[in-house]
Structure formats: C-alpha cells, structure tokens
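Novice: Next comes the structure file final32.cif, holding mmCIF, N, CA and C atoms.
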```cif
data_structure
#
loop_
_atom_site.label_atom_id
_atom_site.label_comp_id
_atom_site.auth_asym_id
_atom_site.auth_seq_id
_atom_site.Cartn_x
_atom_site.Cartn_y
_atom_site.Cartn_z
N MET A 1 69.14 40.37 12.98
CA MET A 1 70.02 39.30 12.56
C MET A 1 69.28 38.36 11.61
N ALA A 2 68.27 38.91 10.94
CA ALA A 2 67.50 38.11 9.99
C ALA A 2 68.43 37.54 8.92
N GLY A 3 68.26 36.26 8.65
CA GLY A 3 69.06 35.60 7.63
C GLY A 3 70.39 35.07 8.13
N THR A 4 70.79 35.42 9.35
CA THR A 4 72.05 34.95 9.91
C THR A 4 71.92 33.48 10.28
N GLN A 5 72.98 32.74 10.01
CA GLN A 5 72.96 31.30 10.28
C GLN A 5 74.07 30.90 11.24
N VAL A 6 73.87 29.74 11.86
CA VAL A 6 74.85 29.16 12.77
C VAL A 6 75.17 27.76 12.26
N LEU A 7 76.44 27.39 12.34
CA LEU A 7 76.87 26.07 11.90
C LEU A 7 76.85 25.12 13.09
N LEU A 8 76.13 24.01 12.94
CA LEU A 8 76.02 23.01 13.99
C LEU A 8 76.50 21.66 13.49
N GLY A 9 76.96 20.84 14.42
CA GLY A 9 77.39 19.48 14.10
C GLY A 9 76.63 18.47 14.92
N LYS A 10 76.28 17.35 14.28
CA LYS A 10 75.63 16.25 14.98
C LYS A 10 76.73 15.39 15.58
N ARG A 11 76.69 15.24 16.89
CA ARG A 11 77.77 14.58 17.62
C ARG A 11 77.78 13.08 17.38
N GLY A 12 78.97 12.56 17.04
CA GLY A 12 79.12 11.14 16.80
C GLY A 12 79.55 10.37 18.03
N GLY A 13 79.94 11.07 19.08
CA GLY A 13 80.40 10.43 20.31
C GLY A 13 79.90 11.14 21.54
N GLU A 14 80.31 10.63 22.68
CA GLU A 14 79.91 11.23 23.97
C GLU A 14 80.84 12.38 24.32
N PRO A 15 80.34 13.35 25.05
CA PRO A 15 78.97 13.44 25.56
C PRO A 15 78.00 13.93 24.49
N GLY A 16 76.75 13.58 24.63
CA GLY A 16 75.71 14.10 23.75
C GLY A 16 75.59 13.42 22.40
N GLN A 17 76.02 12.18 22.29
CA GLN A 17 75.97 11.48 21.00
C GLN A 17 74.57 11.57 20.39
N GLY A 18 74.52 11.92 19.10
CA GLY A 18 73.27 12.00 18.37
C GLY A 18 72.57 13.35 18.46
N THR A 19 73.04 14.22 19.35
CA THR A 19 72.47 15.56 19.44
C THR A 19 73.36 16.54 18.69
N TRP A 20 72.92 17.76 18.58
CA TRP A 20 73.65 18.78 17.82
C TRP A 20 74.32 19.78 18.76
N SER A 21 75.44 20.34 18.30
CA SER A 21 76.16 21.33 19.10
C SER A 21 76.97 22.24 18.18
N LEU A 22 77.48 23.30 18.76
CA LEU A 22 78.42 24.15 18.04
C LEU A 22 79.73 23.38 17.89
N PRO A 23 80.51 23.64 16.84
CA PRO A 23 81.81 22.99 16.71
C PRO A 23 82.65 23.29 17.96
N SER A 24 83.40 22.30 18.42
CA SER A 24 84.19 22.48 19.64
C SER A 24 85.34 21.49 19.67
N GLY A 25 86.20 21.65 20.65
CA GLY A 25 87.31 20.72 20.78
C GLY A 25 88.22 21.10 21.92
N TYR A 26 89.32 20.39 22.01
CA TYR A 26 90.26 20.57 23.10
C TYR A 26 91.42 21.45 22.67
N ILE A 27 91.86 22.30 23.60
CA ILE A 27 93.00 23.16 23.33
C ILE A 27 94.29 22.37 23.56
N GLU A 28 95.21 22.48 22.64
CA GLU A 28 96.52 21.84 22.77
C GLU A 28 97.40 22.74 23.63
N TYR A 29 98.34 22.15 24.34
CA TYR A 29 99.18 22.91 25.26
C TYR A 29 99.87 24.10 24.58
N GLU A 30 100.34 23.91 23.36
CA GLU A 30 101.11 24.96 22.69
C GLU A 30 100.24 25.97 21.95
N ASP A 31 98.92 25.80 21.96
CA ASP A 31 98.02 26.69 21.23
C ASP A 31 97.33 27.69 22.14
N ASP A 32 96.96 28.82 21.56
CA ASP A 32 96.08 29.76 22.25
C ASP A 32 94.64 29.43 21.85
N PHE A 33 93.66 30.05 22.48
CA PHE A 33 92.28 29.68 22.22
C PHE A 33 91.80 30.09 20.84
N LEU A 34 92.37 31.14 20.25
CA LEU A 34 91.97 31.55 18.90
C LEU A 34 92.46 30.54 17.86
N THR A 35 93.69 30.11 17.98
CA THR A 35 94.24 29.10 17.09
C THR A 35 93.46 27.80 17.23
N THR A 36 93.11 27.46 18.46
CA THR A 36 92.32 26.25 18.70
C THR A 36 90.97 26.34 18.00
N ALA A 37 90.31 27.47 18.09
CA ALA A 37 89.00 27.64 17.43
C ALA A 37 89.12 27.42 15.92
N ILE A 38 90.12 27.99 15.31
CA ILE A 38 90.33 27.84 13.86
C ILE A 38 90.61 26.39 13.51
N ARG A 39 91.49 25.73 14.28
CA ARG A 39 91.84 24.34 14.02
C ARG A 39 90.64 23.42 14.21
N GLU A 40 89.91 23.59 15.29
CA GLU A 40 88.78 22.70 15.57
C GLU A 40 87.67 22.85 14.53
N VAL A 41 87.39 24.06 14.09
CA VAL A 41 86.38 24.23 13.04
C VAL A 41 86.82 23.52 11.77
N LYS A 42 88.08 23.63 11.41
CA LYS A 42 88.61 22.95 10.22
C LYS A 42 88.48 21.44 10.37
N GLU A 43 88.90 20.90 11.52
CA GLU A 43 88.85 19.45 11.74
C GLU A 43 87.42 18.92 11.71
N GLU A 44 86.49 19.66 12.28
CA GLU A 44 85.12 19.16 12.42
C GLU A 44 84.22 19.48 11.23
N THR A 45 84.51 20.56 10.50
CA THR A 45 83.58 21.00 9.44
C THR A 45 84.20 21.11 8.06
N GLY A 46 85.52 21.07 7.96
CA GLY A 46 86.20 21.26 6.69
C GLY A 46 86.34 22.71 6.28
N LEU A 47 85.84 23.64 7.08
CA LEU A 47 85.86 25.06 6.72
C LEU A 47 87.04 25.79 7.35
N ASP A 48 87.58 26.74 6.60
CA ASP A 48 88.58 27.67 7.11
C ASP A 48 87.84 28.90 7.58
N VAL A 49 88.16 29.38 8.79
CA VAL A 49 87.46 30.53 9.33
C VAL A 49 88.43 31.57 9.86
N ALA A 50 87.93 32.80 9.96
CA ALA A 50 88.64 33.89 10.62
C ALA A 50 87.79 34.28 11.83
N VAL A 51 88.39 34.24 13.00
CA VAL A 51 87.67 34.59 14.23
C VAL A 51 87.55 36.11 14.29
N GLU A 52 86.32 36.57 14.54
CA GLU A 52 86.06 38.01 14.56
C GLU A 52 85.71 38.55 15.94
N ALA A 53 85.12 37.73 16.80
CA ALA A 53 84.69 38.24 18.10
C ALA A 53 84.55 37.10 19.09
N VAL A 54 84.59 37.46 20.35
CA VAL A 54 84.33 36.52 21.45
C VAL A 54 82.95 36.88 22.00
N ILE A 55 82.06 35.89 22.07
CA ILE A 55 80.72 36.15 22.58
C ILE A 55 80.65 35.94 24.09
N ASN A 56 81.24 34.85 24.59
CA ASN A 56 81.14 34.57 26.01
C ASN A 56 82.12 33.46 26.40
N VAL A 57 82.35 33.33 27.69
CA VAL A 57 83.14 32.24 28.26
C VAL A 57 82.26 31.60 29.32
N VAL A 58 82.08 30.26 29.23
CA VAL A 58 81.10 29.57 30.06
C VAL A 58 81.69 28.27 30.61
N SER A 59 81.46 27.99 31.89
CA SER A 59 81.74 26.67 32.45
C SER A 59 80.56 25.78 32.18
N SER A 60 80.82 24.60 31.62
CA SER A 60 79.77 23.63 31.31
C SER A 60 79.96 22.40 32.17
N PHE A 61 79.05 22.18 33.10
CA PHE A 61 79.07 21.00 33.95
C PHE A 61 78.12 19.99 33.32
N VAL A 62 78.60 19.27 32.30
CA VAL A 62 77.77 18.36 31.52
C VAL A 62 77.39 17.14 32.35
N THR A 63 78.37 16.47 32.90
CA THR A 63 78.18 15.33 33.80
C THR A 63 79.37 15.37 34.76
N PRO A 64 79.37 14.56 35.81
CA PRO A 64 80.54 14.53 36.69
C PRO A 64 81.82 14.17 35.93
N ARG A 65 81.71 13.45 34.83
CA ARG A 65 82.88 13.06 34.03
C ARG A 65 83.31 14.15 33.06
N PHE A 66 82.39 15.03 32.66
CA PHE A 66 82.69 16.04 31.65
C PHE A 66 82.43 17.44 32.20
N HIS A 67 83.50 18.17 32.46
CA HIS A 67 83.43 19.58 32.85
C HIS A 67 84.27 20.35 31.84
N PHE A 68 83.64 21.25 31.11
CA PHE A 68 84.33 21.98 30.05
C PHE A 68 84.30 23.48 30.31
N LEU A 69 85.29 24.17 29.78
CA LEU A 69 85.29 25.62 29.73
C LEU A 69 85.08 25.97 28.26
N GLY A 70 83.96 26.58 27.96
CA GLY A 70 83.65 26.95 26.57
C GLY A 70 83.97 28.40 26.31
N ILE A 71 84.74 28.65 25.26
CA ILE A 71 85.00 30.01 24.80
C ILE A 71 84.30 30.14 23.46
N TYR A 72 83.21 30.88 23.45
CA TYR A 72 82.35 30.98 22.26
C TYR A 72 82.78 32.17 21.42
N VAL A 73 83.01 31.91 20.13
CA VAL A 73 83.48 32.95 19.22
C VAL A 73 82.56 33.07 18.00
N VAL A 74 82.65 34.23 17.36
CA VAL A 74 82.00 34.46 16.07
C VAL A 74 83.11 34.39 15.03
N ALA A 75 82.86 33.67 13.95
CA ALA A 75 83.86 33.54 12.89
C ALA A 75 83.17 33.63 11.54
N ARG A 76 83.93 34.05 10.55
CA ARG A 76 83.39 34.05 9.18
C ARG A 76 84.17 33.04 8.36
N VAL A 77 83.47 32.41 7.43
CA VAL A 77 84.08 31.41 6.56
C VAL A 77 84.95 32.13 5.53
N VAL A 78 86.19 31.65 5.37
CA VAL A 78 87.11 32.23 4.39
C VAL A 78 87.59 31.20 3.37
N GLY A 79 87.14 29.95 3.50
CA GLY A 79 87.54 28.92 2.56
C GLY A 79 87.11 27.54 3.04
N GLY A 80 87.58 26.54 2.32
CA GLY A 80 87.28 25.16 2.68
C GLY A 80 85.98 24.67 2.06
N GLU A 81 85.65 23.42 2.36
CA GLU A 81 84.44 22.79 1.85
C GLU A 81 83.72 22.13 3.01
N LEU A 82 82.43 22.44 3.17
CA LEU A 82 81.65 21.93 4.29
C LEU A 82 81.51 20.41 4.21
N GLN A 83 82.01 19.73 5.26
CA GLN A 83 81.88 18.28 5.37
C GLN A 83 82.12 17.88 6.82
N ALA A 84 81.36 16.91 7.28
CA ALA A 84 81.52 16.44 8.66
C ALA A 84 82.86 15.74 8.80
N GLY A 85 83.56 16.04 9.87
CA GLY A 85 84.85 15.41 10.13
C GLY A 85 85.03 15.18 11.61
N ASP A 86 86.19 14.67 11.97
CA ASP A 86 86.57 14.40 13.35
C ASP A 86 85.50 13.57 14.04
N ASP A 87 84.83 14.09 15.06
CA ASP A 87 83.85 13.29 15.78
C ASP A 87 82.40 13.68 15.48
N LEU A 88 82.16 14.30 14.32
CA LEU A 88 80.80 14.68 13.94
C LEU A 88 80.24 13.74 12.88
N ALA A 89 78.95 13.42 13.02
CA ALA A 89 78.28 12.56 12.04
C ALA A 89 77.68 13.36 10.90
N ALA A 90 77.42 14.66 11.13
CA ALA A 90 76.83 15.54 10.11
C ALA A 90 77.09 16.98 10.51
N VAL A 91 77.07 17.88 9.54
CA VAL A 91 77.14 19.32 9.79
C VAL A 91 76.08 20.00 8.92
N ALA A 92 75.52 21.09 9.45
CA ALA A 92 74.50 21.82 8.71
C ALA A 92 74.36 23.23 9.26
N TRP A 93 73.92 24.13 8.39
CA TRP A 93 73.64 25.52 8.78
C TRP A 93 72.18 25.62 9.22
N TYR A 94 71.92 26.38 10.29
CA TYR A 94 70.58 26.64 10.79
C TYR A 94 70.42 28.14 11.04
N PRO A 95 69.21 28.67 10.85
CA PRO A 95 68.99 30.08 11.19
C PRO A 95 69.16 30.30 12.69
N VAL A 96 69.85 31.37 13.08
CA VAL A 96 70.04 31.62 14.52
C VAL A 96 68.69 31.85 15.20
N SER A 97 67.70 32.28 14.44
CA SER A 97 66.37 32.52 15.01
C SER A 97 65.58 31.22 15.20
N GLY A 98 66.14 30.09 14.75
CA GLY A 98 65.50 28.79 14.92
C GLY A 98 64.57 28.46 13.77
N PRO A 99 63.98 27.29 13.84
CA PRO A 99 64.14 26.29 14.88
C PRO A 99 65.48 25.57 14.77
N LEU A 100 65.99 25.15 15.91
CA LEU A 100 67.24 24.40 15.98
C LEU A 100 66.91 22.92 16.12
N PRO A 101 67.82 22.04 15.71
CA PRO A 101 67.61 20.60 15.93
C PRO A 101 67.76 20.28 17.42
N GLU A 102 67.66 19.00 17.78
CA GLU A 102 67.83 18.61 19.17
C GLU A 102 69.26 18.92 19.62
N MET A 103 69.39 19.88 20.52
CA MET A 103 70.69 20.34 20.96
C MET A 103 71.18 19.54 22.16
N GLY A 104 72.50 19.30 22.21
CA GLY A 104 73.08 18.51 23.28
C GLY A 104 73.45 19.30 24.52
N PHE A 105 73.66 20.61 24.36
CA PHE A 105 74.16 21.40 25.48
C PHE A 105 73.38 22.70 25.62
N GLU A 106 72.85 22.91 26.81
CA GLU A 106 72.07 24.11 27.11
C GLU A 106 72.88 25.38 26.86
N GLU A 107 74.19 25.34 27.15
CA GLU A 107 75.04 26.50 26.97
C GLU A 107 75.07 26.94 25.51
N ASP A 108 75.11 25.99 24.58
CA ASP A 108 75.11 26.33 23.15
C ASP A 108 73.83 27.07 22.78
N VAL A 109 72.70 26.58 23.28
CA VAL A 109 71.41 27.23 22.99
C VAL A 109 71.41 28.65 23.53
N SER A 110 71.90 28.86 24.74
CA SER A 110 71.94 30.20 25.34
C SER A 110 72.80 31.16 24.52
N ILE A 111 73.94 30.67 24.06
CA ILE A 111 74.83 31.52 23.26
C ILE A 111 74.19 31.87 21.93
N ILE A 112 73.56 30.91 21.28
CA ILE A 112 72.89 31.17 20.00
C ILE A 112 71.77 32.18 20.20
N GLU A 113 71.00 32.04 21.27
CA GLU A 113 69.93 33.00 21.56
C GLU A 113 70.48 34.39 21.81
N MET A 114 71.58 34.49 22.55
CA MET A 114 72.22 35.78 22.82
C MET A 114 72.64 36.44 21.51
N TYR A 115 73.24 35.67 20.64
CA TYR A 115 73.68 36.20 19.35
C TYR A 115 72.48 36.61 18.49
N ALA A 116 71.43 35.81 18.50
CA ALA A 116 70.23 36.10 17.72
C ALA A 116 69.56 37.40 18.16
N GLN A 117 69.74 37.74 19.44
CA GLN A 117 69.15 38.97 19.97
C GLN A 117 70.00 40.19 19.68
N GLY A 118 71.12 40.01 18.99
CA GLY A 118 71.90 41.16 18.55
C GLY A 118 73.25 41.35 19.20
N PHE A 119 73.64 40.49 20.14
CA PHE A 119 74.96 40.65 20.74
C PHE A 119 76.01 40.06 19.81
N ALA A 120 76.82 40.91 19.21
CA ALA A 120 77.80 40.48 18.22
C ALA A 120 79.15 40.12 18.83
N GLY A 121 79.32 40.33 20.13
CA GLY A 121 80.56 39.95 20.79
C GLY A 121 81.57 41.07 20.88
N LEU A 122 82.68 40.76 21.51
CA LEU A 122 83.80 41.69 21.66
C LEU A 122 84.86 41.37 20.63
N PRO A 123 85.48 42.38 20.02
CA PRO A 123 86.50 42.09 19.01
C PRO A 123 87.68 41.33 19.61
N VAL A 124 88.29 40.46 18.80
CA VAL A 124 89.43 39.69 19.29
C VAL A 124 90.71 40.50 19.18
N ASP A 125 91.63 40.22 20.08
CA ASP A 125 92.95 40.83 20.08
C ASP A 125 93.94 39.74 19.69
N THR A 126 94.45 39.80 18.47
CA THR A 126 95.35 38.75 17.99
C THR A 126 96.81 39.00 18.38
N ASP A 127 97.10 40.05 19.12
CA ASP A 127 98.49 40.34 19.50
C ASP A 127 99.13 39.23 20.31
N ASN A 128 98.32 38.48 21.06
CA ASN A 128 98.87 37.41 21.89
C ASN A 128 98.54 36.03 21.36
N ALA A 129 98.08 35.95 20.12
CA ALA A 129 97.78 34.67 19.51
C ALA A 129 99.07 34.03 18.99
N THR A 130 98.99 32.73 18.71
CA THR A 130 100.14 32.03 18.14
C THR A 130 100.51 32.70 16.82
N PRO A 131 101.69 33.28 16.69
CA PRO A 131 102.05 34.10 15.54
C PRO A 131 101.95 33.39 14.18
N ASP A 132 102.28 32.10 14.12
CA ASP A 132 102.28 31.41 12.83
C ASP A 132 100.89 31.26 12.22
N ASN A 133 99.86 31.43 13.02
CA ASN A 133 98.50 31.21 12.54
C ASN A 133 97.75 32.48 12.20
N TRP A 134 98.40 33.62 12.30
CA TRP A 134 97.72 34.90 12.03
C TRP A 134 98.50 35.68 10.99
N ALA A 135 97.76 36.18 10.02
CA ALA A 135 98.42 36.97 8.98
C ALA A 135 98.44 38.42 9.36
#
```
Could you write out this file's structure as structure tokens?
Specialist:
Amino acid sequence: MAGTQVLLGKRGGEPGQGTWSLPSGYIEYEDDFLTTAIREVKEETGLDVAVEAVINVVSSFVTPRFHFLGIYVVARVVGGELQAGDDLAAVAWYPVSGPLPEMGFEEDVSIIEMYAQGFAGLPVDTDNATPDNWA
C-alpha cells in the first residue's frame, strides 16, 4: 500500500477537540449508512466520493457521554475541492503507513493500520442504498 493516503480532519469540537480523526458524522433517519458516508465526507472535506468497500464496524466507547457505532469505509475521490467544513478546523492527507498526527480515537488508528497492512475491505452492496444517491 506504498503511496496510499488517508484523509484526516482536525476536530473543531468535542469529543477530541484539537486532535485528528477520520471524517465522520451522524446518520439521518431517512438515510442508509452509505449515503451518510458520502454526505458526511462532502460536509466535512468538500470532496465528492464513491464508497468502494466496508473495512469494519466498531463500537467506540469514547466517554460515558459519547458512545458511537463506527462504520469504516474505503472511498475514492470523484470530485469536489478539499477544504475543512462542518466541525473540522483543518483537513489533510497523510500516508497510511504514517506518521499520523495526534489522533483523537484509538479505533481510527486501528482501522488505518489494518488498511495499511493490506486489508482492502469488503465490496459494498448498493442494492439497499437510498436510490436517489446512487447512479
């Protein structure tokens, strides 16, 4: 995976303010997780992406106030312009092999390491995705 990069955002709010993480966000009631991934990347980074694979699903017990279910995906950029948005103070590309900046969530580091070791994920099935968002 030499030369492969990962897009990270510097968090502007809690949890993890000032640390770096993978782009993320909340799923809306009417959205599926693939549509949410595309929307959240656009809101946080300005980039349009196509989801290609699912790497893992992880429960993140960040603090008693923050318990998240993370669905980690691989996506390729298909358009847009890189710029920090939503709740990120900055965005930048980093080599998956490191070094990484100060990361806010252990789960993100584990997923990046898994990907760097060659696990490309499972292909996505768009048959059950929100139809308006898939060509």
Novice: Between A:Gly85, A:Gly104, A:Gly70, A:Gly16, single out the one closest to Thr45 of chain A, counting only N, CA and C atoms.
Specialist: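 Going through A:Gly85, A:Gly104, A:Gly70, A:Gly16 one by one, the smallest distance to Thr45 of chain A is for A:Gly85.
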Novice: So what does the PyMOL selection byres ((chain A and resi 50) around 8) actually pick up in this one, as a list in words?
Specialist: Ile38, Leu47, Asp48, Val49, Val51, Glu52, Ala53, Val74, Ala75, Arg76, Val77, Val78 and Gly79 of chain A
Novice: The PyMOL selection byres ((chain A and resi 97-99) around 7) - which residues does that actually catch in the file I just gave you? List them as a list in words.
Specialist: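 Checked against the file, the PyMOL selection byres ((chain A and resi 97-99) around 7) matches Met1, Thr4, Gln5, Tyr94, Pro95, Val96, Leu100, Pro101 and Ala116 of chain A.
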Novice: Evaluate the PyMOL selection byres ((chain A and resi 9-12) around 7) and record the selected residues as number ranges by chain, following the chain and residue labels used in the document.
Specialist: A: 7-8, 13-23, 87-92
Novice: Could you work out how far atom C of Asp127 of chain A lies from atom C of Ile112 of chain A, giving the answer in Å with one decimal?
Specialist: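 Between these atoms lies a distance of 28.3 Å.
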Novice: With distances taken over only C-alpha atoms, which residue among A:Asp86, A:Asp125, A:Glu40, A:Glu81 lies nearest Glu28 of chain A?
Specialist: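 Nearest to Glu28 of chain A: A:Glu40.
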Novice: State, in Å with one decimal place, the distance from atom N of Val6 of chain A to atom C of Thr63 of chain A.
Specialist: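 One can read the atom N of Val6 of chain A to atom C of Thr63 of chain A distance as 27.6 Å.
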Novice: Please identify all polymer residues within 8 Å of Thr36 of chain A, counting all atoms listed in the file, omitting same-chain residues fewer than 3 positions from it, and present them as a ChimeraX atom specification.
Specialist: /A:24-28,31-33,39-42,130
Novice: Run DSSP on the backbone and tell me which residues of chain A come out as strand (DSSP E); list them as number ranges by chain.
Specialist: A: 5-11, 20-21, 47-63, 66-80, 88-95, 122-123
Novice: In the coordinates of the file, take the point (83.8, 34.4, 20.8) and a cut-off of 5 Å; then, counting only N, CA and C atoms, name each qualifying protein, DNA or RNA residue as a ChimeraX atom specification.
Specialist: /A:53-56,72-74
Novice: Using the chain letters and numbers from this document, which residues of chain A does DSSP assign to alpha helix (DSSP H), as JSON, numbers by chain?
Specialist: {"A": [33, 34, 35, 36, 37, 38, 39, 40, 41, 42, 43, 44, 45, 106, 107, 108, 109, 110, 111, 112, 113, 114, 115, 116]}
Novice: Which is closest to Glu44 of chain A among A:Glu102, A:Glu107, A:Gly3, A:Ala84, if we use all atoms listed in the file?
Specialist: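 The answer is A:Ala84, which sits nearest to Glu44 of chain A.
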Novice: For segment 107-124 of chain A, what centre and edge lengths in Å (one decimal) does the axis-aligned box get once 5 Å is added on each side of all its listed atoms, as lines of an AutoDock Vina configuration file?
Specialist:
```
center_x = 79.9
center_y = 33.9
center_z = 22.4
size_x = 31.6
size_y = 27.0
size_z = 19.4
```
Novice: Please determine, counting only C-alpha atoms, which residue among A:Tyr29, A:Ala37, A:Val57, A:Gly46 has the shortest atom-to-atom distance to Gly121 of chain A.
Specialist: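 Comparing A:Tyr29, A:Ala37, A:Val57, A:Gly46 against Gly121 of chain A, the winner is A:Val57.
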Novice: Restricting the calculation to only C-alpha atoms, which member of A:Thr35, A:Leu82, A:Thr126, A:Val62 is positioned closest to Glu106 of chain A?
Specialist: A:Val62
Novice: Please report the interatomic distance between atom C of Leu69 of chain A and atom N of Phe105 of chain A in Å with one decimal.
Specialist: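 Interatomic distance, atom C of Leu69 of chain A to atom N of Phe105 of chain A: 13.2 Å.
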